[in-house]
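In what follows, a single structure is set out as structure tokens and then discussed.
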Amino acid sequence: MFENYFPTLSARQQEQLEALGDLYREWNAKINVISRQDINALYEHHVLHSLALHAWVEEKQGGWKAGTRIVDVGTGGGFPGIPLAILNPECEFLLVDRIGKKVKVAQEVANAIGLTNVTTRHAGIEEVKDVYDWVVSRAVMAMPDLLKACRRVWSQGLVCLKGGDLTDELKGCPQAEVTPVSRYFAEPYFETKAIVYVKRK
């Protein structure tokens with residue numbers, strides 16, 4: 001699946017992506033971080049979905065430069081942060097979530113696959129004082145609320161994954177740019193998914 005869309009993956013990156021299936025099944029049996037009916041679709045619905053942001057950044061921004069700092073708001077068990085960190089090993093990722101047990105899973109998964117560019121924090125984004133280059137998220141809150149909550153912590157761009165009809169949600173965000181995930185991935189699951197980008201003014 002991944003080689004079709006990302007043909008330049010290293011052997012190490014492929015191994016790390018392939019390891020996620022067993023790790024998340026093991027942790028999900030202990031702590032419900034992914035819905036039980038969704039765990040069998042982990043790679044499509046969670047890992048590949050997260051990597052839509054990588055495809056977008058590659059196309060629209062020419063990729064993230066080495067040293068870029070990214071904060072994943074409402075990461076849950078590590079999405080989109082962990083898949084993005086695998087494909088961007090020279091960038092630094094902070095994964096933040098209010099639910100401690102989910103943050104623990106994200107950190108344990110990162111440790112298990114040897115991700116040295118990931119740190120996690122059990123906190124709300126308003127508790128994060130540092131400024132990052134980018135904010136990423138996956139359907140964590142309505143776009144106006146996300147922009148308000150993250151206003152202090154990003155300097156370049158905010159890019160997130162959304163689903164469904166965004167007409168009402170984006171009425172208050174005229175600066176938002178929307179790209180269908182189906183631009184990058186052919187699976188039917190992505191037909192209703194979108195990437196929303198807001199550039200820092």
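Ordering of the structure tokens sets the chain letters (A, B, ...), residue numbers begin anew at 1 in every chain, and ligands are numbered from 1 in the order given.
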(message) Give me, as a PyMOL selection string, all polymer residues having an atom no more than 7 Å from A:Cys91, counting only C-alpha atoms and skipping those fewer than 4 positions away in the same chain.
(response) chain A and resi 66-69+117
(message) I'd like the neighbourhood of A:Ile195 as a ChimeraX atom specification, where a residue qualifies if any of its atoms comes within 10 Å (using only C-alpha atoms), though same-chain residues fewer than 3 positions away should be ignored.
(response) /A:52-53,56,138,159-163,176-182
Based on the selection just made, write N, CA and C atoms of those residues as a PDB file, in the first residue's frame.
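Saved the output as part_27.pdb:
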ATOM      1  N   ALA A  52      -1.660  11.434   4.250  1.00  0.00           N
ATOM      2  CA  ALA A  52      -2.188  12.404   3.285  1.00  0.00           C
ATOM      3  C   ALA A  52      -1.574  13.775   3.537  1.00  0.00           C
ATOM      4  N   LEU A  53      -1.306  14.079   4.809  1.00  0.00           N
ATOM      5  CA  LEU A  53      -0.683  15.359   5.126  1.00  0.00           C
ATOM      6  C   LEU A  53       0.745  15.420   4.579  1.00  0.00           C
ATOM      7  N   TRP A  56       0.472  16.085   0.897  1.00  0.00           N
ATOM      8  CA  TRP A  56       0.102  17.487   0.679  1.00  0.00           C
ATOM      9  C   TRP A  56       1.319  18.396   0.874  1.00  0.00           C
ATOM     10  N   ARG A 138      -6.016  15.833  13.397  1.00  0.00           N
ATOM     11  CA  ARG A 138      -6.943  14.988  12.653  1.00  0.00           C
ATOM     12  C   ARG A 138      -8.307  15.041  13.336  1.00  0.00           C
ATOM     13  N   VAL A 159      -2.266  22.573   9.272  1.00  0.00           N
ATOM     14  CA  VAL A 159      -2.848  21.692   8.262  1.00  0.00           C
ATOM     15  C   VAL A 159      -3.472  20.500   8.973  1.00  0.00           C
ATOM     16  N   CYS A 160      -4.735  20.229   8.651  1.00  0.00           N
ATOM     17  CA  CYS A 160      -5.437  19.175   9.382  1.00  0.00           C
ATOM     18  C   CYS A 160      -6.321  18.351   8.458  1.00  0.00           C
ATOM     19  N   LEU A 161      -6.676  17.181   8.961  1.00  0.00           N
ATOM     20  CA  LEU A 161      -7.529  16.245   8.235  1.00  0.00           C
ATOM     21  C   LEU A 161      -8.956  16.383   8.724  1.00  0.00           C
ATOM     22  N   LYS A 162      -9.871  16.477   7.777  1.00  0.00           N
ATOM     23  CA  LYS A 162     -11.288  16.637   8.090  1.00  0.00           C
ATOM     24  C   LYS A 162     -12.108  15.687   7.224  1.00  0.00           C
ATOM     25  N   GLY A 163     -13.360  15.462   7.643  1.00  0.00           N
ATOM     26  CA  GLY A 163     -14.261  14.621   6.859  1.00  0.00           C
ATOM     27  C   GLY A 163     -15.627  15.260   6.729  1.00  0.00           C
ATOM     28  N   ALA A 176      -9.006  29.598   4.769  1.00  0.00           N
ATOM     29  CA  ALA A 176      -8.705  28.164   4.700  1.00  0.00           C
ATOM     30  C   ALA A 176      -8.708  27.670   3.256  1.00  0.00           C
ATOM     31  N   GLU A 177      -7.730  26.827   2.932  1.00  0.00           N
ATOM     32  CA  GLU A 177      -7.655  26.190   1.622  1.00  0.00           C
ATOM     33  C   GLU A 177      -7.947  24.701   1.804  1.00  0.00           C
ATOM     34  N   VAL A 178      -8.828  24.164   0.969  1.00  0.00           N
ATOM     35  CA  VAL A 178      -9.275  22.770   1.110  1.00  0.00           C
ATOM     36  C   VAL A 178      -8.786  21.949  -0.079  1.00  0.00           C
ATOM     37  N   THR A 179      -8.171  20.816   0.207  1.00  0.00           N
ATOM     38  CA  THR A 179      -7.702  19.886  -0.824  1.00  0.00           C
ATOM     39  C   THR A 179      -8.288  18.507  -0.547  1.00  0.00           C
ATOM     40  N   PRO A 180      -8.972  17.878  -1.503  1.00  0.00           N
ATOM     41  CA  PRO A 180      -9.498  16.522  -1.277  1.00  0.00           C
ATOM     42  C   PRO A 180      -8.365  15.512  -1.113  1.00  0.00           C
ATOM     43  N   VAL A 181      -8.514  14.624  -0.137  1.00  0.00           N
ATOM     44  CA  VAL A 181      -7.515  13.565   0.039  1.00  0.00           C
ATOM     45  C   VAL A 181      -7.484  12.649  -1.184  1.00  0.00           C
ATOM     46  N   SER A 182      -8.606  12.549  -1.891  1.00  0.00           N
ATOM     47  CA  SER A 182      -8.670  11.711  -3.093  1.00  0.00           C
ATOM     48  C   SER A 182      -7.719  12.208  -4.192  1.00  0.00           C
TER      49      SER A 182
END
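Closest approach to A:Ile34 from the set A:Leu115, A:Ala55, A:Ala106, A:Leu84 is made by A:Ala106, with distances taken over only C-alpha atoms.
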(request) Identify which of the residues A:Ala41, A:Val118, A:Leu147, A:Leu170 lies closest to A:Tyr189, counting only C-alpha atoms when measuring atom-to-atom distances. (result)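 Residue with the minimum atom-to-atom distance to A:Tyr189: A:Ala41.
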(request) Find the residues around A:Tyr24 up to 12 Å (only C-alpha atoms counted), leave out those fewer than 2 positions away in its own chain, and share them as a VMD selection string. (result) chain A and resid 17 to 22 26 to 36 38 to 43 46 to 47 77 to 79 82 102 105 to 110 112 to 113
Keeping only N, CA and C atoms, take the residues you just selected and write them out as a short mmCIF file (atom, residue, chain, number, x, y, z; two decimals), in the first residue's frame.
data_model
loop_
_atom_site.label_atom_id
_atom_site.label_comp_id
_atom_site.auth_asym_id
_atom_site.auth_seq_id
_atom_site.Cartn_x
_atom_site.Cartn_y
_atom_site.Cartn_z
N LEU A 17 6.64 1.32 9.47
CA LEU A 17 5.22 1.36 9.11
C LEU A 17 4.57 -0.01 9.29
N GLU A 18 5.27 -1.04 8.86
CA GLU A 18 4.73 -2.39 8.96
C GLU A 18 4.58 -2.85 10.42
N ALA A 19 5.42 -2.33 11.30
CA ALA A 19 5.36 -2.71 12.71
C ALA A 19 4.14 -2.12 13.42
N LEU A 20 3.55 -1.08 12.86
CA LEU A 20 2.45 -0.39 13.53
C LEU A 20 1.23 -1.30 13.73
N GLY A 21 0.98 -2.18 12.77
CA GLY A 21 -0.21 -3.04 12.86
C GLY A 21 -0.24 -3.86 14.13
N ASP A 22 0.82 -4.63 14.37
CA ASP A 22 0.88 -5.48 15.56
C ASP A 22 0.92 -4.64 16.84
N GLU A 26 -1.92 -4.80 19.77
CA GLU A 26 -1.52 -5.19 21.13
C GLU A 26 -1.99 -4.15 22.14
N TRP A 27 -1.74 -2.88 21.85
CA TRP A 27 -2.13 -1.83 22.79
C TRP A 27 -3.64 -1.65 22.84
N ASN A 28 -4.30 -1.83 21.70
CA ASN A 28 -5.75 -1.65 21.67
C ASN A 28 -6.47 -2.69 22.51
N ALA A 29 -5.84 -3.85 22.69
CA ALA A 29 -6.42 -4.88 23.54
C ALA A 29 -6.39 -4.46 25.01
N LYS A 30 -5.47 -3.55 25.35
CA LYS A 30 -5.33 -3.08 26.73
C LYS A 30 -6.05 -1.75 26.95
N ILE A 31 -5.88 -0.85 25.99
CA ILE A 31 -6.42 0.51 26.07
C ILE A 31 -7.10 0.83 24.74
N ASN A 32 -8.36 1.17 24.78
CA ASN A 32 -9.10 1.39 23.54
C ASN A 32 -8.75 2.75 22.93
N VAL A 33 -7.72 2.75 22.08
CA VAL A 33 -7.33 3.99 21.41
C VAL A 33 -7.90 4.10 20.00
N ILE A 34 -8.29 2.98 19.44
CA ILE A 34 -8.90 2.93 18.11
C ILE A 34 -10.16 2.08 18.25
N SER A 35 -11.25 2.50 17.61
CA SER A 35 -12.49 1.74 17.75
C SER A 35 -12.28 0.29 17.33
N ARG A 36 -12.95 -0.61 18.04
CA ARG A 36 -12.75 -2.04 17.81
C ARG A 36 -13.02 -2.43 16.36
N ASP A 38 -12.63 -0.60 13.82
CA ASP A 38 -11.73 0.09 12.91
C ASP A 38 -10.31 -0.47 12.94
N ILE A 39 -9.99 -1.26 13.93
CA ILE A 39 -8.61 -1.71 14.08
C ILE A 39 -8.15 -2.56 12.89
N ASN A 40 -9.08 -3.28 12.26
CA ASN A 40 -8.70 -4.10 11.10
C ASN A 40 -8.45 -3.25 9.85
N ALA A 41 -8.86 -2.00 9.92
CA ALA A 41 -8.61 -1.07 8.81
C ALA A 41 -7.56 -0.04 9.20
N LEU A 42 -6.70 -0.41 10.15
CA LEU A 42 -5.73 0.53 10.70
C LEU A 42 -4.90 1.23 9.63
N TYR A 43 -4.37 0.44 8.70
CA TYR A 43 -3.45 1.04 7.74
C TYR A 43 -4.13 2.03 6.81
N HIS A 46 -6.16 4.99 9.31
CA HIS A 46 -5.37 5.76 10.27
C HIS A 46 -3.98 6.10 9.75
N VAL A 47 -3.22 5.09 9.31
CA VAL A 47 -1.84 5.35 8.90
C VAL A 47 -1.80 6.08 7.55
N GLY A 77 -3.84 8.21 19.98
CA GLY A 77 -2.80 7.19 20.06
C GLY A 77 -1.60 7.45 19.16
N GLY A 78 -1.56 8.64 18.53
CA GLY A 78 -0.38 8.97 17.71
C GLY A 78 -0.66 9.29 16.26
N PHE A 79 -1.88 9.72 15.96
CA PHE A 79 -2.22 10.05 14.57
C PHE A 79 -2.66 11.51 14.47
N ILE A 82 2.68 10.06 14.46
CA ILE A 82 3.66 8.97 14.32
C ILE A 82 3.92 8.63 12.85
N LYS A 102 -3.88 7.61 26.27
CA LYS A 102 -3.63 7.62 24.82
C LYS A 102 -2.23 8.14 24.51
N VAL A 105 0.23 5.38 24.99
CA VAL A 105 0.29 4.47 23.85
C VAL A 105 1.15 5.07 22.75
N ALA A 106 0.93 6.35 22.44
CA ALA A 106 1.71 7.00 21.39
C ALA A 106 3.20 6.95 21.70
N GLN A 107 3.57 7.22 22.95
CA GLN A 107 4.98 7.19 23.32
C GLN A 107 5.55 5.78 23.26
N GLU A 108 4.80 4.81 23.72
CA GLU A 108 5.26 3.42 23.69
C GLU A 108 5.44 2.92 22.26
N VAL A 109 4.53 3.29 21.38
CA VAL A 109 4.65 2.89 19.98
C VAL A 109 5.89 3.55 19.35
N ALA A 110 6.06 4.84 19.62
CA ALA A 110 7.24 5.55 19.09
C ALA A 110 8.53 4.90 19.58
N ALA A 112 8.92 1.79 20.57
CA ALA A 112 9.04 0.43 20.05
C ALA A 112 9.63 0.39 18.64
N ILE A 113 9.33 1.41 17.83
CA ILE A 113 9.84 1.42 16.46
C ILE A 113 11.07 2.31 16.31
#
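Between atom CA of A:Thr8 and atom CA of A:Val136 lies a distance of 22.9 Å.
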(message) When you look at A:Ser10 with a cut-off of 12 Å (counting only C-alpha atoms), what residues show up, excluding the ones that are within fewer than 4 positions of it in the same chain? I need them as an MDAnalysis selection string.
(response) chainID A and resid 2:3 6 14:17 86:89
(message) Using DSSP secondary structure from the backbone, list all strand (DSSP E or B) positions within stretch 25-197 of chain A, as number ranges by chain.
(response) A: 69-73, 92-97, 118-122, 132-138, 154-163, 177-180, 193-197
(request) Output as a PyMOL selection string all residues of stretch 68-170 of chain A that backbone DSSP marks as alpha helix (DSSP H). (result) chain A and resi 81-87+100-112+143-150
